[in-house]
>>> print(open('query_35.txt').read())   # compact mmCIF, C-alpha atoms and all ligand atoms
# COMPACT_ATOMS: atom_id res chain seq x y z
CA MET W 1 -27.46 17.15 -39.37
CA ALA W 2 -26.39 14.89 -42.24
CA SER W 3 -23.96 12.22 -41.06
CA ILE W 4 -20.44 11.87 -42.36
CA THR W 5 -19.72 8.28 -43.26
CA ARG W 6 -16.40 8.14 -45.05
CA PHE W 7 -14.13 7.51 -42.07
CA SER W 8 -11.05 5.37 -42.13
CA GLN W 9 -12.05 2.15 -40.36
CA ARG W 10 -9.18 2.30 -37.91
CA TYR W 11 -11.26 3.47 -34.98
CA ASP W 12 -14.48 1.64 -35.84
CA ARG W 13 -13.84 -0.87 -33.10
CA ILE W 14 -15.49 -0.20 -29.75
CA SER W 15 -13.09 1.27 -27.27
CA GLY W 16 -13.50 -0.33 -23.82
CA ILE W 17 -12.36 2.79 -22.04
CA GLN W 18 -14.81 4.98 -23.91
CA GLU W 19 -17.70 2.58 -23.20
CA LEU W 20 -16.85 2.60 -19.48
CA MET W 21 -16.34 6.38 -19.26
CA VAL W 22 -19.73 6.99 -20.90
CA ASP W 23 -21.41 4.56 -18.50
CA LEU W 24 -19.77 6.16 -15.46
CA ASP W 25 -20.69 9.64 -16.67
CA ARG W 26 -24.31 8.58 -17.13
CA ALA W 27 -24.43 7.14 -13.63
CA LEU W 28 -22.71 10.09 -11.98
CA SER W 29 -24.51 12.89 -13.79
CA GLY W 30 -27.99 11.52 -12.92
CA PRO W 31 -29.98 12.43 -9.78
CA ASP W 32 -28.79 9.45 -7.70
CA HIS W 33 -25.92 9.63 -5.23
CA PHE W 34 -23.19 7.03 -5.68
CA HIS W 35 -20.30 5.86 -3.54
CA MET W 36 -17.49 6.20 -6.03
CA LEU W 37 -15.10 3.27 -5.74
CA GLY W 38 -14.48 3.28 -9.49
CA GLY W 39 -12.56 5.70 -11.71
CA GLY W 40 -8.88 6.60 -11.60
CA ASN W 41 -9.17 10.04 -10.09
CA PRO W 42 -6.75 10.83 -7.29
CA GLY W 43 -8.28 11.76 -3.95
CA ARG W 44 -8.69 15.32 -2.73
CA ILE W 45 -6.18 15.58 0.10
CA PRO W 46 -6.57 18.91 1.94
CA GLU W 47 -2.86 19.29 2.85
CA MET W 48 -1.83 18.67 -0.77
CA GLU W 49 -4.46 21.11 -2.01
CA THR W 50 -3.18 23.77 0.39
CA PHE W 51 0.37 23.10 -0.78
CA PHE W 52 -0.54 23.52 -4.45
CA ARG W 53 -2.60 26.63 -3.65
CA GLU W 54 0.48 28.16 -2.00
CA GLU W 55 2.62 27.22 -5.00
CA MET W 56 0.05 28.94 -7.22
CA HIS W 57 0.21 32.08 -5.05
CA SER W 58 3.97 32.19 -5.43
CA LEU W 59 3.66 31.65 -9.21
CA LEU W 60 1.25 34.58 -9.40
CA SER W 61 3.30 36.90 -7.27
CA GLU W 62 6.93 36.29 -8.30
CA GLY W 63 8.20 38.35 -11.25
CA ASP W 64 6.74 37.32 -14.60
CA ARG W 65 6.59 33.56 -13.93
CA PHE W 66 2.82 33.51 -14.41
CA GLU W 67 2.87 35.58 -17.62
CA ARG W 68 5.56 33.33 -19.06
CA ALA W 69 3.61 30.17 -18.18
CA LEU W 70 0.57 31.48 -20.02
CA GLY W 71 2.10 33.55 -22.78
CA ILE W 72 4.88 31.44 -24.29
CA TYR W 73 4.95 28.31 -26.44
CA ASP W 74 7.48 26.06 -24.72
CA HIS W 75 10.13 23.97 -26.49
CA PRO W 76 8.44 20.98 -28.24
CA GLY W 77 10.03 18.69 -25.65
CA GLY W 78 8.56 20.79 -22.82
CA SER W 79 9.86 23.58 -20.59
CA VAL W 80 13.67 23.46 -20.59
CA PRO W 81 14.15 24.62 -16.94
CA PHE W 82 11.64 21.96 -15.85
CA ARG W 83 13.49 19.25 -17.77
CA GLN W 84 16.78 20.35 -16.22
CA SER W 85 15.34 20.24 -12.70
CA MET W 86 13.63 16.93 -13.35
CA ALA W 87 16.89 15.38 -14.58
CA ARG W 88 18.65 16.64 -11.42
CA LEU W 89 15.92 15.17 -9.22
CA LEU W 90 16.14 11.78 -10.96
CA ARG W 91 19.95 11.75 -10.67
CA GLU W 92 19.98 12.73 -7.02
CA GLU W 93 16.94 10.82 -5.78
CA CYS W 94 17.13 7.66 -7.93
CA GLY W 95 20.75 7.61 -9.15
CA TRP W 96 19.65 7.55 -12.81
CA ASP W 97 22.26 8.68 -15.32
CA VAL W 98 20.05 11.20 -17.17
CA GLY W 99 20.19 14.81 -18.35
CA PRO W 100 17.55 17.15 -19.82
CA GLU W 101 18.17 15.56 -23.24
CA ASN W 102 16.66 12.38 -21.77
CA ILE W 103 13.38 14.01 -20.78
CA ALA W 104 10.35 14.97 -22.89
CA LEU W 105 7.03 16.24 -21.62
CA THR W 106 3.67 15.21 -23.06
CA GLN W 107 0.05 16.27 -22.57
CA GLY W 108 -0.49 13.77 -19.75
CA SER W 109 1.19 10.39 -19.72
CA GLN W 110 -1.75 8.81 -21.59
CA ASN W 111 -0.60 10.87 -24.56
CA ALA W 112 2.95 9.50 -24.12
CA PHE W 113 1.64 5.93 -24.38
CA PHE W 114 -0.19 6.71 -27.60
CA LEU W 115 2.97 8.19 -29.08
CA LEU W 116 5.35 5.48 -27.86
CA MET W 117 3.15 2.55 -28.75
CA ASN W 118 2.80 3.81 -32.30
CA LEU W 119 6.50 4.67 -32.54
CA PHE W 120 7.50 1.16 -31.52
CA GLY W 121 4.39 -0.80 -32.57
CA GLY W 122 2.49 -1.20 -35.84
CA GLN W 123 3.98 -1.57 -39.26
CA ARG W 124 7.76 -1.20 -39.60
CA SER W 125 9.32 0.46 -42.65
CA ASP W 126 9.99 -3.00 -44.19
CA GLY W 127 6.26 -3.82 -43.84
CA SER W 128 6.68 -6.32 -40.99
CA PRO W 129 4.42 -5.95 -37.93
CA ALA W 130 5.77 -4.96 -34.51
CA LYS W 131 3.82 -5.83 -31.37
CA ILE W 132 3.61 -4.02 -28.07
CA VAL W 133 3.86 -6.78 -25.48
CA PHE W 134 2.23 -6.61 -22.05
CA PRO W 135 3.98 -9.43 -20.21
CA LEU W 136 1.57 -9.50 -17.29
CA SER W 137 -2.21 -9.33 -17.69
CA PRO W 138 -4.28 -7.69 -16.27
CA GLU W 139 -3.04 -4.24 -17.26
CA TYR W 140 -4.11 -0.61 -17.41
CA ILE W 141 -7.35 -0.01 -19.31
CA GLY W 142 -5.87 3.06 -21.03
CA TYR W 143 -3.55 0.89 -23.17
CA GLU W 144 -6.59 -0.64 -24.86
CA ASP W 145 -6.86 0.52 -28.46
CA VAL W 146 -3.82 2.86 -28.39
CA GLY W 147 -2.31 1.02 -31.37
CA ILE W 148 -3.42 2.70 -34.59
CA GLU W 149 -2.82 -0.59 -36.44
CA LEU W 150 -5.29 -3.28 -35.37
CA GLY W 151 -3.67 -6.17 -33.53
CA THR W 152 -0.67 -4.17 -32.28
CA LEU W 153 -1.15 -5.17 -28.63
CA GLN W 154 -0.30 -8.61 -27.31
CA SER W 155 -0.81 -9.68 -23.70
CA PHE W 156 0.27 -12.73 -21.76
CA LEU W 157 -1.50 -14.63 -19.02
CA PRO W 158 -0.01 -14.41 -15.54
CA GLN W 159 1.01 -17.11 -13.14
CA VAL W 160 -1.33 -16.93 -10.14
CA THR W 161 0.33 -17.44 -6.77
CA LEU W 162 -1.89 -17.91 -3.73
CA LEU W 163 -0.59 -16.22 -0.58
CA GLU W 164 -1.55 -16.47 3.07
CA ASP W 165 -4.57 -14.75 4.62
CA GLY W 166 -6.65 -14.64 1.43
CA PHE W 167 -4.13 -12.69 -0.66
CA PHE W 168 -2.70 -13.65 -4.04
CA ARG W 169 -0.38 -12.19 -6.64
CA TYR W 170 0.17 -12.34 -10.38
CA GLU W 171 3.65 -13.00 -11.68
CA ILE W 172 5.13 -13.08 -15.17
CA ASP W 173 4.94 -16.57 -16.63
CA PHE W 174 8.34 -16.63 -18.36
CA ASP W 175 7.63 -20.09 -19.82
CA GLN W 176 4.73 -18.68 -21.87
CA LEU W 177 6.04 -15.17 -22.56
CA LYS W 178 7.08 -14.62 -26.15
CA ILE W 179 9.44 -11.75 -26.93
CA ASP W 180 11.16 -12.03 -30.29
CA GLU W 181 11.85 -10.15 -33.55
CA THR W 182 8.11 -9.39 -33.91
CA THR W 183 8.21 -7.43 -30.63
CA GLY W 184 8.41 -3.63 -30.87
CA ALA W 185 8.40 -2.82 -27.14
CA VAL W 186 7.46 -4.36 -23.80
CA CYS W 187 5.34 -2.40 -21.34
CA LEU W 188 4.03 -2.74 -17.81
CA SER W 189 2.68 -0.48 -15.10
CA ARG W 190 4.53 -0.53 -11.76
CA PRO W 191 2.71 -0.24 -9.42
CA CYS W 192 0.09 -1.81 -11.62
CA ASN W 193 -3.28 -0.33 -12.33
CA PRO W 194 -5.58 -2.30 -11.69
CA THR W 195 -3.92 -4.75 -9.28
CA GLY W 196 -1.53 -2.67 -7.16
CA ASN W 197 1.16 -5.20 -8.08
CA ASN W 198 4.74 -4.05 -7.77
CA ILE W 199 6.42 -6.60 -9.95
CA SER W 200 9.56 -7.78 -8.14
CA GLU W 201 13.01 -6.46 -9.04
CA GLU W 202 14.09 -10.03 -9.75
CA GLN W 203 11.36 -10.47 -12.40
CA LEU W 204 12.12 -7.03 -13.81
CA ILE W 205 15.83 -7.80 -14.19
CA ARG W 206 14.97 -11.01 -16.01
CA LEU W 207 12.47 -9.22 -18.26
CA HIS W 208 14.96 -6.42 -18.95
CA GLY W 209 17.60 -9.00 -19.94
CA ILE W 210 15.22 -10.55 -22.49
CA CYS W 211 14.34 -7.10 -23.87
CA ARG W 212 18.05 -6.26 -24.23
CA SER W 213 18.74 -9.46 -26.12
CA PHE W 214 16.11 -8.51 -28.74
CA ASP W 215 17.00 -4.80 -28.60
CA VAL W 216 13.47 -3.71 -27.66
CA PRO W 217 12.71 -1.05 -25.06
CA LEU W 218 11.19 -1.90 -21.71
CA ILE W 219 8.58 0.79 -20.96
CA ILE W 220 7.79 1.15 -17.26
CA ASP W 221 4.66 3.13 -16.49
CA ALA W 222 5.34 4.69 -13.09
CA ALA W 223 2.25 6.93 -12.96
CA TYR W 224 1.77 5.92 -9.28
CA GLY W 225 5.35 5.04 -8.49
CA LEU W 226 8.62 6.46 -7.33
CA PRO W 227 10.04 9.05 -7.05
CA PHE W 228 6.67 10.84 -7.26
CA PRO W 229 3.83 10.53 -6.43
CA GLY W 230 5.42 7.60 -4.60
CA ILE W 231 2.20 5.72 -3.77
CA VAL W 232 4.20 2.61 -2.92
CA PHE W 233 3.59 0.46 0.16
CA ASP W 234 6.46 -2.01 -0.03
CA ASP W 235 10.21 -1.63 -0.28
CA SER W 236 10.45 -1.72 -4.09
CA LYS W 237 12.81 0.75 -5.73
CA PRO W 238 12.49 2.65 -9.02
CA PHE W 239 13.98 0.71 -11.94
CA PHE W 240 15.85 2.30 -14.86
CA ARG W 241 18.67 0.84 -16.93
CA ASP W 242 19.94 1.01 -20.50
CA GLY W 243 17.06 0.34 -22.85
CA CYS W 244 14.39 1.40 -20.35
CA ILE W 245 11.82 4.12 -20.87
CA SER W 246 10.21 5.34 -17.69
CA ILE W 247 6.97 7.31 -17.75
CA LEU W 248 6.05 9.60 -14.89
CA SER W 249 3.07 11.90 -14.46
CA LEU W 250 1.96 14.83 -12.31
CA SER W 251 -1.62 13.51 -12.29
CA LYS W 252 -1.66 11.23 -9.26
CA LEU W 253 -0.13 13.97 -7.12
CA GLY W 254 -3.62 15.46 -7.42
CA LEU W 255 -2.98 17.44 -10.61
CA PRO W 256 -4.68 15.53 -13.45
CA GLY W 257 -6.10 18.80 -14.80
CA LEU W 258 -2.58 20.01 -15.66
CA ARG W 259 -2.08 17.16 -18.16
CA THR W 260 1.66 16.71 -17.69
CA GLY W 261 3.38 13.46 -18.56
CA ILE W 262 7.14 12.98 -18.30
CA VAL W 263 9.01 10.56 -20.58
CA VAL W 264 12.49 9.55 -19.40
CA ALA W 265 14.25 7.86 -22.29
CA PRO W 266 17.36 7.59 -24.48
CA ASP W 267 17.88 10.88 -26.33
CA ASP W 268 16.89 9.50 -29.76
CA VAL W 269 13.47 8.57 -28.34
CA VAL W 270 13.17 12.02 -26.75
CA ARG W 271 13.87 13.65 -30.13
CA LYS W 272 11.11 11.59 -31.74
CA ILE W 273 8.66 12.66 -29.02
CA GLU W 274 9.67 16.28 -29.64
CA LYS W 275 8.85 15.88 -33.33
CA LEU W 276 5.50 14.28 -32.58
CA ASN W 277 4.68 16.90 -29.94
CA SER W 278 5.22 19.64 -32.48
CA ILE W 279 2.86 17.88 -34.90
CA PHE W 280 0.15 17.15 -32.33
CA ASN W 281 0.43 20.16 -30.03
CA LEU W 282 3.15 22.56 -31.27
CA SER W 283 4.31 22.43 -27.67
CA CYS W 284 2.94 21.15 -24.36
CA GLY W 285 0.90 23.17 -21.88
CA GLY W 286 3.14 25.23 -19.60
CA MET W 287 1.10 25.29 -16.38
CA GLY W 288 2.19 21.89 -15.00
CA PRO W 289 5.90 22.69 -15.26
CA ALA W 290 5.37 26.27 -14.04
CA LEU W 291 3.35 25.25 -10.98
CA THR W 292 5.71 22.49 -9.84
CA LEU W 293 9.17 23.76 -10.88
CA ARG W 294 9.95 25.55 -7.61
CA SER W 295 8.91 22.63 -5.39
CA ILE W 296 10.94 20.23 -7.54
CA GLU W 297 14.00 22.44 -7.11
CA THR W 298 13.59 22.91 -3.35
CA GLY W 299 12.69 19.27 -2.70
CA SER W 300 9.38 20.24 -1.06
CA LEU W 301 7.31 18.28 -3.61
CA LEU W 302 9.04 15.01 -2.74
CA ALA W 303 8.84 15.84 0.97
CA LYS W 304 5.05 16.27 0.68
CA CYS W 305 4.77 12.97 -1.20
CA LYS W 306 6.57 11.21 1.63
CA SER W 307 4.94 12.96 4.59
CA ILE W 308 1.35 13.38 3.32
CA LEU W 309 0.47 11.56 0.10
CA GLN W 310 1.91 8.11 0.78
CA PRO W 311 0.66 7.89 4.41
CA HIS W 312 -2.78 9.09 3.28
CA TYR W 313 -3.17 6.31 0.71
CA LEU W 314 -1.63 3.73 3.03
CA ARG W 315 -4.28 4.53 5.68
CA SER W 316 -7.04 4.29 3.05
CA ARG W 317 -5.70 1.00 1.76
CA ASN W 318 -5.57 -0.48 5.25
CA LEU W 319 -9.09 0.71 5.97
CA ALA W 320 -10.41 -0.86 2.76
CA ILE W 321 -8.69 -4.20 3.39
CA GLU W 322 -9.87 -4.31 6.99
CA LYS W 323 -13.48 -3.61 5.99
CA LEU W 324 -13.39 -6.23 3.23
CA ARG W 325 -11.90 -8.84 5.55
CA ASN W 326 -14.40 -8.06 8.32
CA GLY W 327 -17.30 -8.23 5.86
CA LEU W 328 -16.34 -11.06 3.53
CA GLY W 329 -13.53 -12.94 5.28
CA ASP W 330 -11.79 -15.25 2.87
CA ARG W 331 -14.73 -15.28 0.43
CA VAL W 332 -12.81 -12.66 -1.47
CA ARG W 333 -9.17 -12.94 -2.51
CA ILE W 334 -7.28 -9.65 -2.62
CA HIS W 335 -4.25 -9.05 -4.81
CA GLU W 336 -1.20 -8.16 -2.75
CA SER W 337 -1.22 -4.37 -2.64
CA GLY W 338 2.23 -2.91 -3.28
CA GLY W 339 1.08 0.53 -4.42
CA ALA W 340 -1.37 2.73 -6.41
CA PHE W 341 -4.83 3.32 -4.99
CA PHE W 342 -6.75 0.25 -6.09
CA LEU W 343 -7.58 -3.18 -4.73
CA TRP W 344 -8.11 -6.00 -7.21
CA LEU W 345 -10.67 -8.41 -5.82
CA TRP W 346 -11.05 -11.94 -7.08
CA PHE W 347 -14.22 -13.84 -6.28
CA ASP W 348 -13.15 -17.41 -6.75
CA ALA W 349 -16.77 -18.50 -7.21
CA PRO W 350 -19.12 -18.79 -10.22
CA ILE W 351 -20.38 -15.20 -10.22
CA SER W 352 -20.08 -12.74 -13.10
CA THR W 353 -18.51 -9.43 -12.13
CA THR W 354 -20.14 -7.79 -15.17
CA THR W 355 -23.50 -8.63 -13.57
CA LEU W 356 -22.17 -7.73 -10.12
CA TYR W 357 -21.15 -4.29 -11.46
CA GLU W 358 -24.78 -3.65 -12.52
CA LYS W 359 -26.13 -4.84 -9.16
CA LEU W 360 -23.67 -2.66 -7.27
CA LYS W 361 -24.63 0.31 -9.43
CA GLU W 362 -28.31 -0.29 -8.59
CA ALA W 363 -27.31 -0.35 -4.92
CA GLY W 364 -25.42 2.95 -5.26
CA VAL W 365 -21.80 1.80 -5.52
CA ILE W 366 -19.55 2.23 -8.53
CA VAL W 367 -16.60 -0.13 -9.06
CA VAL W 368 -15.01 -1.20 -12.36
CA PRO W 369 -15.67 -4.71 -13.69
CA GLY W 370 -12.49 -6.66 -14.35
CA LYS W 371 -13.17 -7.35 -18.03
CA TYR W 372 -11.77 -3.96 -19.09
CA TYR W 373 -8.25 -4.68 -17.89
CA PHE W 374 -7.06 -7.13 -20.49
CA PRO W 375 -5.82 -5.07 -23.44
CA GLY W 376 -4.44 -7.33 -26.16
CA LEU W 377 -5.33 -10.60 -24.42
CA THR W 378 -6.96 -13.06 -26.81
CA GLU W 379 -7.04 -16.15 -24.57
CA ASP W 380 -9.88 -17.04 -22.20
CA PHE W 381 -9.04 -16.28 -18.62
CA GLU W 382 -11.51 -16.88 -15.82
CA HIS W 383 -10.33 -13.80 -13.91
CA ARG W 384 -11.75 -11.52 -16.59
CA ASP W 385 -15.25 -11.95 -15.22
CA ARG W 386 -14.39 -12.91 -11.63
CA CYS W 387 -12.56 -9.74 -10.60
CA ILE W 388 -13.36 -6.14 -9.90
CA ARG W 389 -11.16 -3.10 -9.32
CA LEU W 390 -12.02 -1.07 -6.27
CA SER W 391 -10.51 2.39 -5.81
CA PHE W 392 -9.72 3.63 -2.29
CA SER W 393 -8.78 7.14 -3.43
CA GLN W 394 -11.89 8.85 -2.09
CA GLU W 395 -12.55 9.95 1.50
CA ALA W 396 -12.84 7.42 4.33
CA SER W 397 -16.62 7.82 4.67
CA THR W 398 -17.09 6.89 0.99
CA ILE W 399 -14.77 3.88 1.32
CA GLU W 400 -16.63 2.69 4.43
CA ALA W 401 -20.15 3.19 3.11
CA GLY W 402 -19.25 1.79 -0.34
CA ILE W 403 -17.64 -1.34 1.07
CA ASP W 404 -20.57 -1.89 3.50
CA THR W 405 -22.93 -1.98 0.51
CA LEU W 406 -20.53 -4.12 -1.52
CA VAL W 407 -20.30 -6.64 1.33
CA GLU W 408 -24.09 -6.83 1.48
CA VAL W 409 -24.57 -7.25 -2.29
CA VAL W 410 -21.70 -9.73 -2.72
CA GLY W 411 -22.78 -11.65 0.41
CA LYS W 412 -26.27 -12.14 -1.09
CA GLU W 413 -24.80 -13.11 -4.44
CA LEU W 414 -22.52 -15.74 -2.91
CA ALA W 415 -25.28 -17.08 -0.66
CA SER W 416 -27.53 -17.64 -3.69
CA LEU W 417 -25.04 -20.01 -5.36
C1 LIG L 1 -1.25 3.20 -14.97
C2 LIG L 1 -1.62 4.51 -15.57
N1 LIG L 1 -0.83 5.02 -16.50
C3 LIG L 1 -1.11 6.20 -17.09
C4 LIG L 1 -2.23 6.91 -16.76
C5 LIG L 1 -2.50 8.19 -17.48
O1 LIG L 1 -2.49 9.29 -16.62
P1 LIG L 1 -2.26 10.78 -17.11
O2 LIG L 1 -2.54 10.84 -18.59
O3 LIG L 1 -3.24 11.58 -16.32
O4 LIG L 1 -0.83 11.11 -16.80
C6 LIG L 1 -3.10 6.43 -15.78
C7 LIG L 1 -4.33 7.16 -15.42
O5 LIG L 1 -5.20 6.71 -14.73
C8 LIG L 1 -2.78 5.19 -15.16
O6 LIG L 1 -3.58 4.65 -14.23
>>> encode(input="query_35.txt", output="structure tokens", more="lines below")
Ligand SMILES: Cc1ncc(COP(=O)(O)O)c(C=O)c1O
Amino acid sequence: MASITRFSQRYDRISGIQELMVDLDRALSGPDHFHMLGGGNPGRIPEMETFFREEMHSLLSEGDRFERALGIYDHPGGSVPFRQSMARLLREECGWDVGPENIALTQGSQNAFFLLMNLFGGQRSDGSPAKIVFPLSPEYIGYEDVGIELGTLQSFLPQVTLLEDGFFRYEIDFDQLKIDETTGAVCLSRPCNPTGNNISEEQLIRLHGICRSFDVPLIIDAAYGLPFPGIVFDDSKPFFRDGCISILSLSKLGLPGLRTGIVVAPDDVVRKIEKLNSIFNLSCGGMGPALTLRSIETGSLLAKCKSILQPHYLRSRNLAIEKLRNGLGDRVRIHESGGAFFLWLWFDAPISTTTLYEKLKEAGVIVVPGKYYFPGLTEDFEHRDRCIRLSFSQEASTIEAGIDTLVEVVGKELASL
């Protein structure tokens, strides 16, 4: 077929996430069996699957709920009953002062980031550029390349604090952070993908104060956080104040196929999302709201998060840390794990984790090399090629076998130095 060559050059640049997804697909669709410690897929948790199956039965059998979910274009901001119930949940569970006018749904939260980062970032109407600032690298791979205008994203290096027992944590380096009139919005994931970092409330309050003084929104990506799915292992609380935009998702509950993102924001931002939704999608898919509405209203969804989902991931996290410590001792530093289902491993030794990724793949284990997690960072940073992200979302046998192989491969690599 003749090729078409007259594209706008906006998306000529290589997208890191696309490169990685293609590589993972190639590995996983071949004949070899891999232990999957890469990827961002939630685990399959039988009790959660049974719960959602029962919710689907009730959707199918009660009145015309099913026909309405399939047969109607929802409001461009998403199903109105769902937004009302969600606002009630956020008021009652988190104490947030929000109503349905503060909630817009999107086709997955990834879609919300694309919309928000181009609403607040890129060229302003007076021609001046506005940056989306990530105050704490490393950050979520999915932010890479979301800015339609080149150079929209700007990241800052972290302060690295060494902790006891081979742990460490990244913190915002407020002396280096630059938020000013060129900033369009500030964004971070909490808990963080890839590190599991739950940035402290103290740092968040300070960051929020700076954002307020320049009148820029603070976007908090809570895809793994509270109130749901609530994959949080420390005592951190959800954060929402004036000028904050919080992004939630149904995906990490185990429902990524439903593509439902939830933007909680001031009503003028919600109205903009509604406009963009109607351009991109007319309206959002109705199955996510339809399947979960009843359990949001009765409180059973949150109860399952607390009694099944969180303990499941906590057990998996503990298993992964124990196996890494038994196998590698303090030859690997592990980022303090406050939530999400990843461990961020730092090999403080002259090995390349890009090369290590290839060796692990040859040995049958998939992880993600650290280099993908620095969207918008222009400076050199040794951690880029010294870290990997390891997912503990899959079943215990995969975690155990995958880490056994990783210990062997890394052990050889370190011994050869
Ligand atoms: C931190 C973070 N934010 C957002 C997303 C996007 O998720 P979804 O579009 O499925 O809601 C992901 C997915 O892995 C993520 O890890």
>>> residues_near_point(input="query_35.txt", point="(1.1, 20.2, -26.2)", cutoff="10 Å", atoms="all atoms listed in the file", output="list in words")
Tyr73, Asp74, His75, Pro76, Gly77, Gly78, Leu105, Thr106, Gln107, Gly108, Asn111, Arg259, Thr260, Leu276, Asn277, Ser278, Ile279, Phe280, Asn281, Leu282, Ser283, Cys284, Gly285 and Gly286 of chain W
>>> residues_around(input="query_35.txt", residues="Tyr357 of chain W", least_positions_apart="3", cutoff="10 Å", atoms="all atoms listed in the file", output="ChimeraX atom specification")
/W:352-354,360-363,365-370,388,406
>>> closest_residue(input="query_35.txt", among="W:Val264, W:Arg206, W:Leu116, W:Leu291", to="Ala69 of chain W", atoms="only C-alpha atoms")
W:Leu291
>>> closest_residue(input="query_35.txt", among="W:Arg124, W:Arg317, W:Arg389, W:Lys323", to="ligand LIG 1 (chain L)", atoms="all atoms listed in the file")
W:Arg389
>>> residues_near_ligand(input="query_35.txt", ligand="ligand LIG 1 (chain L)", cutoff="9 Å", atoms="only C-alpha atoms and all ligand atoms", output="PyMOL selection string")
chain W and resi 39-42+106-113+139-143+188-194+221-224+247-252+255-262+340
